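Read through the structure below, which is laid out as structure tokens, and then see the notes.
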Amino acid sequence: MKAEKQRIIVKRLSAPAGAGHGGGGWKIAYADFMTAMMAFFLVMWLLATATPRQLQGVAEHFRTPLRVALMGGTKSGLSSSVIPGGGADAASKEGEVKNSGESDAESDAKAIEEMRDRLEEVIRNSPVFQQFRSQLLVDITTEGLRLQIVDSDKGAMFELASATVVPHMRAILREIAPMLNDWPNKVTLAGHTDSIVYARGGMSYGNWELSADRANASRRELAAGGLADSKVLRVMGLADSMHLDKIDTRNPINRRISIVVLNDATQRRIERENSGAPKQRAVTSPVSVLRPPPLAAVPAAKVALTSSHPESDK
């Protein structure tokens with residue numbers, strides 16, 4: 001009797017639709033991952049290509065977004081983007097914004113003009129400034145945006161022959177302090193007097209000391225209004241060395257406080273000059289050690305030297 005052969009039955013089950021490779025859920029997760037990586041590298045690219053002034057401006061905006069909105073900050077459509085480039089191909093030279101000295105200067109000048117327009121608008125619309133508009137002078141100088149608060153026959157900024165701030169001057173300084181604090185650039189303060197000789201202190205106290213004390217008193221009022229100490233780069237007393245009215249040097253308009261929001265170039269120059277690193281003198285011809293000539297010798301040859309110290313801008 002022959003043994004029966006054992007039959008092997010193989011059942012093939014067809015996989016349901018969409019079940020290949022463990023299902024399609026991994027595709028969604030992978031797409032989310034790639035999107036996140038693309039956004040990450042885009043942010044890193046923006047940080048690497050933005051200028052320091054743009055980065056500081058963005059940081060200031062996120063630190064005080066509500067204050068910027070309430071003060072009428074520039075609309076997004078009018079603001080300059082932190083994304084450099086543009087044109088048909090952002091990777092090519094045609095689409096790039098070059099970080100040259102000229103383009104930086106133009107961008108800086110445009111920012112200063114926008115600051116001036118915003119400040120003039122605030123002065124026109126703020127009830128604090130209404131009765132003192134004639135004492136507020138706004139202009140643009142080679143150093144940046146300058147706001148001057150001047151004396152008049154009807155209203156003085158300080159008590160007579162003193163650095164004590166009067167109430168309306170205190171209100172003006174505390175009103176503009178938040179604006180100065182929101183702008184990325186640093187500021188300088190300078191006090192000025194007229195040509196009338198300060199007669200109370202003799203040689204120990206005069207217009208130089210009075211103008212410096214008034215500038216520092218103004219700085220304290222700005223700090224009380226919200227200006228950070230780190231925003232102030234210089235506080236100076238200039239006495240009567242610079243008059244607005246050069247004909248009548250006793251005109252009250254010559255008694256003033258000048259607040260300058262520095263442009264980038266001036267701020268870098270001041271910080272560089274005060275960094276403690278002395279500059280080298282440029283030599284245009286070989287210099288040898290000069291010794292006194294002998295009695296019968298001919299006069300020594302002249303040696304030409306040029307100094308690299310910057311000329312005073314005052």
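Residues in the structure tokens are named by chain (A, B, ... in the order shown) and by number from 1 within that chain; ligands are numbered from 1 in the order shown.
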task = Would you return as a VMD selection string the members of range 152-301 of chain A that DSSP assigns to strand (DSSP E) on this structure's backbone?
result = chain A and resid 187 to 192 232 to 237 256 to 262
Write a file of the selected residues as a PDB file, in the first residue's frame, keeping N, CA and C atoms.
ATOM      1  N   VAL A 187      22.499 108.044  20.953  1.00  0.00           N
ATOM      2  CA  VAL A 187      22.298 109.488  20.920  1.00  0.00           C
ATOM      3  C   VAL A 187      23.418 110.189  21.685  1.00  0.00           C
ATOM      4  N   THR A 188      23.599 111.467  21.355  1.00  0.00           N
ATOM      5  CA  THR A 188      24.487 112.344  22.110  1.00  0.00           C
ATOM      6  C   THR A 188      23.694 113.560  22.562  1.00  0.00           C
ATOM      7  N   LEU A 189      24.103 114.148  23.675  1.00  0.00           N
ATOM      8  CA  LEU A 189      23.465 115.348  24.198  1.00  0.00           C
ATOM      9  C   LEU A 189      24.522 116.423  24.374  1.00  0.00           C
ATOM     10  N   ALA A 190      24.171 117.655  24.018  1.00  0.00           N
ATOM     11  CA  ALA A 190      25.093 118.780  24.173  1.00  0.00           C
ATOM     12  C   ALA A 190      24.335 119.974  24.730  1.00  0.00           C
ATOM     13  N   GLY A 191      24.935 120.634  25.704  1.00  0.00           N
ATOM     14  CA  GLY A 191      24.368 121.845  26.269  1.00  0.00           C
ATOM     15  C   GLY A 191      25.055 123.075  25.711  1.00  0.00           C
ATOM     16  N   HIS A 192      24.283 124.132  25.439  1.00  0.00           N
ATOM     17  CA  HIS A 192      24.813 125.382  24.884  1.00  0.00           C
ATOM     18  C   HIS A 192      24.319 126.552  25.740  1.00  0.00           C
ATOM     19  N   VAL A 232      22.865 106.247  25.408  1.00  0.00           N
ATOM     20  CA  VAL A 232      23.559 107.538  25.432  1.00  0.00           C
ATOM     21  C   VAL A 232      25.045 107.291  25.201  1.00  0.00           C
ATOM     22  N   LEU A 233      25.600 107.938  24.175  1.00  0.00           N
ATOM     23  CA  LEU A 233      27.008 107.752  23.848  1.00  0.00           C
ATOM     24  C   LEU A 233      27.878 108.896  24.356  1.00  0.00           C
ATOM     25  N   ARG A 234      27.330 110.113  24.364  1.00  0.00           N
ATOM     26  CA  ARG A 234      28.107 111.267  24.821  1.00  0.00           C
ATOM     27  C   ARG A 234      27.194 112.289  25.473  1.00  0.00           C
ATOM     28  N   VAL A 235      27.715 112.953  26.500  1.00  0.00           N
ATOM     29  CA  VAL A 235      27.058 114.108  27.108  1.00  0.00           C
ATOM     30  C   VAL A 235      28.108 115.209  27.178  1.00  0.00           C
ATOM     31  N   MET A 236      27.835 116.342  26.523  1.00  0.00           N
ATOM     32  CA  MET A 236      28.856 117.386  26.365  1.00  0.00           C
ATOM     33  C   MET A 236      28.328 118.750  26.798  1.00  0.00           C
ATOM     34  N   GLY A 237      29.236 119.583  27.267  1.00  0.00           N
ATOM     35  CA  GLY A 237      28.950 120.989  27.502  1.00  0.00           C
ATOM     36  C   GLY A 237      29.791 121.831  26.564  1.00  0.00           C
ATOM     37  N   ARG A 256      20.393 126.343  24.512  1.00  0.00           N
ATOM     38  CA  ARG A 256      19.652 125.199  23.970  1.00  0.00           C
ATOM     39  C   ARG A 256      20.298 123.881  24.388  1.00  0.00           C
ATOM     40  N   ILE A 257      19.518 122.826  24.217  1.00  0.00           N
ATOM     41  CA  ILE A 257      19.983 121.447  24.383  1.00  0.00           C
ATOM     42  C   ILE A 257      19.851 120.756  23.029  1.00  0.00           C
ATOM     43  N   SER A 258      20.941 120.196  22.541  1.00  0.00           N
ATOM     44  CA  SER A 258      20.937 119.485  21.259  1.00  0.00           C
ATOM     45  C   SER A 258      20.987 117.982  21.513  1.00  0.00           C
ATOM     46  N   ILE A 259      20.011 117.271  20.962  1.00  0.00           N
ATOM     47  CA  ILE A 259      19.961 115.806  21.041  1.00  0.00           C
ATOM     48  C   ILE A 259      20.121 115.272  19.624  1.00  0.00           C
ATOM     49  N   VAL A 260      21.157 114.465  19.398  1.00  0.00           N
ATOM     50  CA  VAL A 260      21.448 113.945  18.062  1.00  0.00           C
ATOM     51  C   VAL A 260      21.323 112.433  18.070  1.00  0.00           C
ATOM     52  N   VAL A 261      20.427 111.920  17.211  1.00  0.00           N
ATOM     53  CA  VAL A 261      20.368 110.477  16.956  1.00  0.00           C
ATOM     54  C   VAL A 261      21.412 110.189  15.889  1.00  0.00           C
ATOM     55  N   LEU A 262      22.475 109.528  16.261  1.00  0.00           N
ATOM     56  CA  LEU A 262      23.633 109.366  15.386  1.00  0.00           C
ATOM     57  C   LEU A 262      23.327 108.434  14.213  1.00  0.00           C
TER      58      LEU A 262
END
Top pick for closest residue to Glu120 in chain A, considering A:Met44, A:Met179, A:Ala161, A:Met169 and counting only C-alpha atoms =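 Distance minimum relative to Glu120 in chain A lands on A:Met179.
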